[in-house]
Amino acid sequence: MVDYVCDAALSLQRLSMFRSVIYNTSMKSAMTPLKVGSSSYLMQLSIGTPALTFWAIADTGSDLIWTQCLPCIKCFSQPSPYFDPSKTSTYQKLACSSNLCGALREDQRANCVPITSGTFALNLNTGTGVLIVDSGTTLTFLEQYADDDYTSGYLATETIKIGNTAVPGITFGCGTKNSGDYGKSSGIVGLGGGKLSLISQLGLGKFSYCLQSDTRKINPILFGSLATLKGLKEQSTPLARNTDYSLYYVNLRGITVGTQYIPVQKSPIGLKNKKMLIDSGTTYAYLITPILAQVKRAFIDQVKLPVFGQQESVKLAFLRAGKLRQNLSFIGYDLSEAIDICN
């Protein structure tokens, strides 16, 4: 017996993937606003047809694009409405047979769960369809971050709009069980180098952004041909090669604290390499213990105030006129092979 619902669903999935490849190949660039959130940087995007617009964390340290979806088992409060798959005509759950299943790490992949059969409608004029309820199995996921925040749900494809550019067939995570502090965001946009990241799915090859602390200003994040630095007095450094192509690294040569320069060397502190991960989704800068100890010592030597508490503590605080002073930050750092790109 032929399962017409299942066959139609698979045909739509193949059509959606084919149209997506054609669309992405012809697309040259895209841009969307980027602003400062409570503890991270947020980029604006829209999802679905009709589109739901929201802000999500721009994260170079991960790949998965996700937002909270109805029906919610456990969801945190967010500024925008939860994404409702039943109210969009371009939503489609991702089957376990999808080639993107392999893009999930073993610790991300939950399982394939059975779901009931349903109705399917195809619009012959637009080449799009609505799959109310799929048949067979769907691919679920679990993404857990370094701070123990997590999201879990199922993978699906949707039309995602970046600025004025709409791209169909983008794979994203519909998070139905989520936990953590995501500030004033409605999810995360993975900008890493893996197959599931927005960068890889758009097929534009490069992106650029400007991060600043002024919450009143909004800057664009640029993709494709727009992601160039022209006429700016900036410096550049090459990305360091790494076996994990999902993450971005630079070679750290040293850190400057006031007037003291602390070189980062392979010896005598026993470093195997000098790579430092670039993670726009992380609030703090992290250093391994030997380097952190040298940085703290440089602060202590130059501030010349009594240290509050133990020097071995992660935080470093000073006493001044009987009051606690604890606003410390790195003054600078030196990246390898920095050059003036404008000459």
# chains A, B, ... in the order shown; residues from 1 in each chain; ligands from 1
>>> closest_atom_pairs(of="stretch 157-194 of chain A", to="stretch 198-206 of chain A", cutoff="9 Å", atoms="only C-alpha atoms", output="Markdown table")
| residue | atom | partner | partner_atom | distance |
| --- | --- | --- | --- | --- |
| A:Val167 | CA | A:Leu202 | CA | 7.8 |
| A:Ile170 | CA | A:Gln201 | CA | 6.7 |
| A:Thr171 | CA | A:Gln201 | CA | 8.0 |
| A:Val189 | CA | A:Leu198 | CA | 7.0 |
| A:Gly190 | CA | A:Leu198 | CA | 6.2 |
| A:Leu191 | CA | A:Leu198 | CA | 5.7 |
| A:Gly192 | CA | A:Ile199 | CA | 7.2 |
| A:Gly193 | CA | A:Ser200 | CA | 6.5 |
| A:Gly194 | CA | A:Ser200 | CA | 6.7 |
>>> residues_around(residues="A:Thr60", least_positions_apart="5", cutoff="12 Å", atoms="only C-alpha atoms", output="compact mmCIF listing (two decimals) with N, CA, C and O atoms, in the first residue's frame")
# COMPACT_ATOMS: atom_id res chain seq x y z
N SER A 40 24.96 39.93 26.44
CA SER A 40 25.45 39.39 25.17
C SER A 40 25.00 40.32 24.04
O SER A 40 24.34 41.32 24.28
N TYR A 41 25.37 39.96 22.82
CA TYR A 41 24.99 40.74 21.65
C TYR A 41 23.86 40.03 20.91
O TYR A 41 23.90 38.83 20.69
N LEU A 42 22.86 40.81 20.51
CA LEU A 42 21.65 40.26 19.91
C LEU A 42 21.52 40.70 18.46
O LEU A 42 21.76 41.87 18.14
N ILE A 65 20.99 27.06 15.27
CA ILE A 65 20.04 28.17 15.33
C ILE A 65 18.80 27.64 16.05
O ILE A 65 18.27 26.59 15.67
N ILE A 188 19.11 31.56 20.19
CA ILE A 188 20.51 31.73 19.80
C ILE A 188 20.66 31.50 18.30
O ILE A 188 20.02 30.61 17.74
N VAL A 189 21.49 32.32 17.67
CA VAL A 189 21.87 32.10 16.26
C VAL A 189 23.32 31.64 16.25
O VAL A 189 24.24 32.40 16.56
N GLY A 190 23.54 30.38 15.90
CA GLY A 190 24.90 29.84 15.83
C GLY A 190 25.62 30.36 14.60
O GLY A 190 25.15 30.20 13.47
N LEU A 191 26.77 31.01 14.82
CA LEU A 191 27.57 31.58 13.73
C LEU A 191 28.89 30.85 13.55
O LEU A 191 29.82 31.38 12.95
N GLY A 192 29.00 29.64 14.10
CA GLY A 192 30.22 28.86 13.97
C GLY A 192 30.43 28.35 12.55
O GLY A 192 29.71 28.73 11.62
N GLY A 193 31.37 27.46 12.39
CA GLY A 193 31.71 26.96 11.06
C GLY A 193 31.10 25.62 10.72
O GLY A 193 31.39 25.05 9.66
N GLY A 194 30.26 25.05 11.60
CA GLY A 194 29.65 23.75 11.36
C GLY A 194 28.51 23.80 10.35
O GLY A 194 28.04 24.88 9.96
N SER A 197 25.24 25.84 11.21
CA SER A 197 25.31 27.27 11.52
C SER A 197 24.64 28.09 10.42
O SER A 197 24.48 27.65 9.29
N LEU A 198 24.26 29.31 10.79
CA LEU A 198 23.64 30.20 9.82
C LEU A 198 24.60 30.51 8.67
O LEU A 198 24.20 30.57 7.51
N ILE A 199 25.88 30.69 9.00
CA ILE A 199 26.88 31.00 7.97
C ILE A 199 26.97 29.89 6.93
O ILE A 199 26.97 30.14 5.72
N PHE A 207 31.36 36.78 7.26
CA PHE A 207 30.50 37.76 7.91
C PHE A 207 31.37 38.69 8.74
O PHE A 207 32.53 38.38 9.05
N SER A 208 30.84 39.83 9.11
CA SER A 208 31.58 40.78 9.94
C SER A 208 30.60 41.53 10.83
O SER A 208 29.42 41.67 10.51
N TYR A 209 31.12 42.00 11.95
CA TYR A 209 30.28 42.75 12.88
C TYR A 209 31.16 43.66 13.71
O TYR A 209 32.37 43.46 13.82
N TYR A 245 36.50 22.63 13.03
CA TYR A 245 36.19 23.72 12.11
C TYR A 245 34.94 24.49 12.53
O TYR A 245 34.57 25.47 11.90
N SER A 246 34.29 24.05 13.59
CA SER A 246 33.11 24.75 14.08
C SER A 246 33.47 25.98 14.89
O SER A 246 32.64 26.87 15.08
N LEU A 247 34.71 26.07 15.38
CA LEU A 247 35.12 27.15 16.27
C LEU A 247 36.19 28.02 15.62
O LEU A 247 36.95 27.56 14.76
N TYR A 248 36.26 29.28 16.07
CA TYR A 248 37.24 30.23 15.54
C TYR A 248 38.28 30.53 16.62
O TYR A 248 37.94 30.80 17.77
N TYR A 249 39.56 30.51 16.20
CA TYR A 249 40.65 30.77 17.14
C TYR A 249 41.59 31.83 16.56
O TYR A 249 41.71 31.99 15.35
N LEU A 277 40.05 31.08 21.87
CA LEU A 277 38.76 30.94 21.22
C LEU A 277 38.02 32.28 21.18
O LEU A 277 37.96 32.99 22.18
N ILE A 278 37.46 32.61 20.01
CA ILE A 278 36.63 33.81 19.88
C ILE A 278 35.18 33.38 20.05
O ILE A 278 34.64 32.63 19.23
N ASP A 279 34.54 33.84 21.11
CA ASP A 279 33.18 33.43 21.42
C ASP A 279 32.34 34.66 21.77
O ASP A 279 32.39 35.16 22.88
N SER A 280 31.54 35.12 20.82
CA SER A 280 30.73 36.32 21.04
C SER A 280 29.58 36.07 22.01
O SER A 280 28.97 37.01 22.51
N GLY A 281 29.29 34.81 22.30
CA GLY A 281 28.21 34.47 23.21
C GLY A 281 28.65 34.34 24.65
O GLY A 281 27.84 34.02 25.53
N THR A 282 29.95 34.57 24.93
CA THR A 282 30.47 34.46 26.29
C THR A 282 30.71 35.86 26.85
O THR A 282 31.29 36.71 26.19
>>> select_by_dssp(residues="stretch 153-326 of chain A", states="strand (DSSP E)", output="VMD selection string")
chain A and resid 153 to 162 165 to 179 187 to 190 207 to 208 218 to 224 235 to 236 249 to 257 260 to 263 275 to 277 307 to 308 317 to 320 323 to 325
>>> closest_residue(among="A:Ala58, A:Ile47, A:Ile221, A:Leu319", to="A:Gly169", atoms="only C-alpha atoms")
A:Ile47
>>> closest_residue(among="A:Met276, A:Leu34, A:Val295, A:Cys174", to="A:Ile57", atoms="only C-alpha atoms")
A:Leu34
>>> closest_residue(among="A:Thr67, A:Gln92, A:Thr243, A:Thr159", to="A:Thr138", atoms="only C-alpha atoms")
A:Gln92
>>> select_by_dssp(residues="stretch 139-291 of chain A", states="alpha helix (DSSP H)", output="list in words")
Leu198, Ile199, Ser200, Gln201, Leu202, Thr289, Pro290 and Ile291 of chain A
